[in-house]
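Engineer: My questions all concern the structure below.
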Amino acid sequence: MRKEVIKQVKAFRIFFRSIRDAFKSVVRNFSLSMASILSVTITLIIVSVSIIIAFNVNHATKDIESELNIVVYAKREATEDDIKNLISEIDSNKLVRETEYISKEVQKTNMSQYDDTFKTILNFLDENPLLDSVIVYVKDVKDMSKVAEELREIPNVETVKYGEGTVDEVVDAFDIIEKVTIGIVIALILVTIFLINNTIKLTIYSRRSEIEIMRLVGASNTAIKLPFVFEGLIIGLIGAIIPICITIYGYVIMYNTMKGHLFSEMLKLIKPFNFVFQVSGALLLFGALVGMYGSLRAVRKYLKI
Amino acid sequence: MKFIEFKDVTKTYSNGITACADMSVGIDKGEFVFVIGLTASGKSTFIKMLYREEKPTKGIVAVGGVNVGKLRNRKVYKFRRKIGIVFQDFKLLPNLTAYENVAFALECVGMKNSEIRPKVLKALEIVGLKDKVRSFPKELSGGEQQRVCIARAIVNEPKLLVCDEPTGNLDPKTSKEVMDVISQINKDLGTTVIMATHDKDIVNRMKKRVLVISNGMLVGDYEKGSYKASESV
């Protein structure tokens with residue numbers, strides 16, 4: 001029992017000494033640490049930019065997709081009850097997210113406001129020539145044509161309109177854009193891991209004699225590895241500082257100068273808060289993990305000699 | 001059984017070179033033994049097998065009752081804590097001060113700081129470096145670095161001190177100082193010392209037991225003072 005406790009106390013001492021030694025080593029090997037920190041900084045900036053672009057592209061496409069809808073026109077002879085039934089039937093479709101009823105009177109005022117010519121023509125006619133309509137938003141735009149087909153089957157439906165052809169093309173294009181951006185982000189992250197790992201490996205390579213000496217003096221493998229792992233952690237965290245500043249300030253400034261959208265009102269940017277903090281957190285975590293992993297791998301390699 | 005036993009030890013490297021052939025020798029506790037021989041005679045292999053940098057291909061190497069060759073890789077560090085090793089190239093950690101270098105041997109065992117401090121200062125005092133505790137290795141002379149290395153080797157009070165040509169990189173005057181320190185440790189602490197060297201002056205002057213190794217074989221085992229450099233190899 002007592003022996004166990006002593007063992008744990010010793011393990012704790014070794015653990016905390018490793019943290020101390022890691023800081024010491026970062027400071028005393030300043031130029032090497034700087035090289036690693038800079039490589040982390042540069043690659044994390046690239047990762048940050050690519051994440052921001054990818055998320056914004058996806059945000060914009062999702063935004064546009066959510067605006068795509070199907071318009072269902074009811075038959076002229078349909079009564080109010082018929083229309084109520086019609087709406088509830090559309091709502092009961094599992095692929096439908098939302099419906100919005102627009103009566104022909106509302107439609108008339110809308111159109112009158114939109115264009116004076118319409119106004120003149122509509123006022124000239126005694127009867128309202130328009131049809132009652134229901135705007136249908138689907139959960140997934142890929143199902144749009146399928147839903148449209150299903151809606152045609154419902155009684156009292158005159159016509160069903162959606163941007164046939166164009167919508168499918170847009171959806172396909174967005175799909176490709178989304179996949180490409182995600183692919184680029186993943187590729188960049190892999191490249192980053194590789195670059196940081198290599199830099200750390202080189203700095204540890206130049207210190208491999210230290211590992212050998214520690215072994216000869218009687219340090220256990222864990223006691224040798226720990227300081228290097230903490231060193232990697234410190235380097236990863238320090239390396240993430242500048243990218244995080246750039247992310248937060250850069251994105252907020254960009255968002256404000258561009259007034260929240262890119263090129264046109266249609267491409268809205270993601271609101272900076274909490275988005276920048278989420279990206280920053282990801283960068284910090286990523287820097288820390290890659291730093292530790294890189295160090296651990298490199299030490300393991302040189303421990304095997 | 002003697003403190004150190006070599007029993008029919010053969011070591012063949014993977015490139016086919018036999019550095020040690022059927023060697024048997026015993027060393028008592030508290031002895032001071034020189035191991036001499038030309039370069040590539042197998043003297044370094046002999047020394048390295050003592051701290052399990054090399055494993056014997058055949059036979060038994062036992063240090064203080066431990067069969068060194070049978071030690072698992074994971075357990076080697078525990079064994080090394082019980083012996084002190086002095087290297088020709090000092091092998092000091094370049095980014096640690098003299099004090100930290102010596103303390104490292106105790107820190108990695110998990111010892112308390114309050115226990116480490118007096119031990120380290122005492123070890124540095126024994127080697128005469130009490131006023132250089134804060135110096136980094138690159139600020140020390142060769143002899144001083146070697147003495148830091150000796151302090152690190154003796155700080156955990158080992159029963160065995162293995163020295164692999166400790167004076168190989170030093171001039172005759174500093175060599176003498178370092179040898180004085182080592183023989184003082186042997187005398188005062190009763191530490192068994194095994195030292196590989198090809199410095200004949202030292203061997204002649206110290207008048208200790210001498211093992212002569214040539215072509216991987218033990219060709220001579222001279223008792224205290226009976227060895228004369230002129231007879232050698």
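Labels used: A, B, ... for chains in the order of the structure tokens, numbers from 1 for residues in each chain, and numbers from 1 for ligands as shown.
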Might you pull out every residue within 6 Å of region 271-281 of chain A, with only C-alpha atoms counted and same-chain residues fewer than 2 positions away left off, and present them as a list of chain:residue names?
Structural biologist: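 With the cut-off at 6 Å, the set is A:Ile244, A:Ile248, A:Val252, A:Leu283, A:Leu284.
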Engineer: I need the chain B residues near chain A as an MDAnalysis selection string; criterion: at most 12 Å, counting only C-alpha atoms.
Structural biologist: chainID B and resid 48 51:53 73:87 89:97 100:113 136 149:156 158 162
Engineer: How far is it from CA of Met179 (chain B) to CA of Met23 (chain B), in Å with one decimal?
Structural biologist: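 Pair CA of Met179 (chain B) / CA of Met23 (chain B) returns 27.3 Å.
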Engineer: Give me, please, the distance in Å between CA of Val147 (chain A) and CA of Thr109 (chain A), quoted to one decimal.
Structural biologist: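 Computing it gives 28.8 Å between the two atoms.
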Engineer: Let's see if you can do this: from backbone DSSP, list all strand (DSSP E) residues in region 129-298 of chain A, as a PDB file with C-alpha atoms, in the first residue's frame.
Structural biologist:
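Everything below was put into part12.pdb:
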```pdb
ATOM      1  CA  SER A 133     -51.160  29.302 -54.165  1.00  0.00           C
ATOM      2  CA  VAL A 134     -49.100  27.495 -51.573  1.00  0.00           C
ATOM      3  CA  ILE A 135     -45.354  27.953 -51.386  1.00  0.00           C
ATOM      4  CA  VAL A 136     -43.655  24.722 -50.353  1.00  0.00           C
ATOM      5  CA  TYR A 137     -40.135  24.495 -48.933  1.00  0.00           C
ATOM      6  CA  VAL A 138     -38.599  21.040 -48.916  1.00  0.00           C
ATOM      7  CA  VAL A 157     -54.020  21.115 -57.622  1.00  0.00           C
ATOM      8  CA  GLU A 158     -53.998  23.029 -60.876  1.00  0.00           C
ATOM      9  CA  THR A 159     -50.259  23.226 -61.551  1.00  0.00           C
ATOM     10  CA  VAL A 160     -47.025  22.783 -59.705  1.00  0.00           C
ATOM     11  CA  LYS A 161     -44.146  25.083 -60.580  1.00  0.00           C
ATOM     12  CA  HIS A 261     -22.136  39.643 -47.975  1.00  0.00           C
ATOM     13  CA  LEU A 262     -19.936  38.708 -50.870  1.00  0.00           C
ATOM     14  CA  LEU A 267     -24.090  35.429 -50.924  1.00  0.00           C
ATOM     15  CA  LYS A 268     -24.350  36.134 -47.220  1.00  0.00           C
TER      16      LYS A 268
END
```
Engineer: Could you give me the residues within region 59-286 of chain A that DSSP places in helix (DSSP H, G or I), as a PyMOL selection string?
Structural biologist: chain A and resi 59-67+80-91+104-114+116-124+141-152+166-205+208-217+221-257+272-286
Engineer: Do a neighbour search on Ile202 (chain B) at 9 Å with only C-alpha atoms, toss out local chain neighbours closer than 4 positions, and write the hits as a ChimeraX atom specification.
Structural biologist: /B:175-176,179,197-198,206-207
Engineer: Residues at most 10 Å from Ile213 (chain B), counting only C-alpha atoms, excluding those fewer than 3 positions away in the same chain, as a PyMOL selection string?
Structural biologist: chain B and resi 20+23+35-38+40-43+46+210+216-221+233
Engineer: Quick one: everything within 12 Å of Val106 (chain A), counting only C-alpha atoms, minus sequence neighbours fewer than 2 positions away in the same chain. Send it as a list in words.
Structural biologist: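 Neighbouring residues, sequence-local ones excluded: Tyr101, Ile102, Ser103, Lys104, Lys108, Thr109, Asn110, Met111, Ser112, Gln113, Asn128, Leu130, Leu131, Asp132, Ser133 and Val134 of chain A.
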Engineer: Could you jot down the CA of Pro118 (chain B) to CA of Val178 (chain B) separation for me, Å, one decimal place?
Structural biologist: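 Computing the Euclidean distance for CA of Pro118 (chain B) and CA of Val178 (chain B) yields 22.3 Å.
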Engineer: Which one of B:Asp164, B:Asp180, B:Asp171, B:Glu157 sits closest to Val127 (chain B) if you count only C-alpha atoms?
Structural biologist: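 Among the listed residues, B:Asp180 lies closest to Val127 (chain B).
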Engineer: Just want the 12 Å neighbourhood of Thr79 (chain A), counted on only C-alpha atoms, with same-chain residues fewer than 4 positions away dropped. Output as a PDB file with N, CA and C atoms, in the first residue's frame.
Structural biologist:
```pdb
ATOM      1  N   ALA A  74     -53.726  26.237 -56.667  1.00  0.00           N
ATOM      2  CA  ALA A  74     -54.963  25.481 -56.474  1.00  0.00           C
ATOM      3  C   ALA A  74     -55.907  25.739 -57.645  1.00  0.00           C
ATOM      4  N   LYS A  75     -56.789  24.794 -57.833  1.00  0.00           N
ATOM      5  CA  LYS A  75     -57.785  24.965 -58.916  1.00  0.00           C
ATOM      6  C   LYS A  75     -58.687  26.134 -58.595  1.00  0.00           C
ATOM      7  N   ILE A  83     -58.983  24.059 -49.930  1.00  0.00           N
ATOM      8  CA  ILE A  83     -57.613  24.571 -49.819  1.00  0.00           C
ATOM      9  C   ILE A  83     -56.992  24.178 -48.476  1.00  0.00           C
ATOM     10  N   LYS A  84     -57.827  24.230 -47.425  1.00  0.00           N
ATOM     11  CA  LYS A  84     -57.324  23.795 -46.117  1.00  0.00           C
ATOM     12  C   LYS A  84     -56.857  22.336 -46.166  1.00  0.00           C
ATOM     13  N   ASN A  85     -57.697  21.495 -46.785  1.00  0.00           N
ATOM     14  CA  ASN A  85     -57.321  20.088 -46.938  1.00  0.00           C
ATOM     15  C   ASN A  85     -56.030  19.941 -47.734  1.00  0.00           C
ATOM     16  N   LEU A  86     -55.966  20.760 -48.778  1.00  0.00           N
ATOM     17  CA  LEU A  86     -54.787  20.722 -49.657  1.00  0.00           C
ATOM     18  C   LEU A  86     -53.513  21.016 -48.854  1.00  0.00           C
ATOM     19  N   SER A 103     -52.998  33.763 -50.652  1.00  0.00           N
ATOM     20  CA  SER A 103     -54.292  33.826 -51.356  1.00  0.00           C
ATOM     21  C   SER A 103     -54.153  34.705 -52.589  1.00  0.00           C
ATOM     22  N   LEU A 131     -54.564  32.731 -59.103  1.00  0.00           N
ATOM     23  CA  LEU A 131     -54.991  31.521 -58.390  1.00  0.00           C
ATOM     24  C   LEU A 131     -54.445  31.553 -56.961  1.00  0.00           C
ATOM     25  N   ASP A 132     -55.177  30.915 -56.078  1.00  0.00           N
ATOM     26  CA  ASP A 132     -54.622  30.735 -54.736  1.00  0.00           C
ATOM     27  C   ASP A 132     -53.403  29.822 -54.845  1.00  0.00           C
ATOM     28  N   ASN A 156     -57.383  18.917 -56.476  1.00  0.00           N
ATOM     29  CA  ASN A 156     -57.532  20.368 -56.434  1.00  0.00           C
ATOM     30  C   ASN A 156     -56.250  21.131 -56.753  1.00  0.00           C
TER      31      ASN A 156
END
```
Engineer: When you count only C-alpha atoms, which of these residues is closest to Phe6 (chain B): B:Gly190, B:Pro166, B:Gly143, B:Gly64?
Structural biologist: B:Gly64
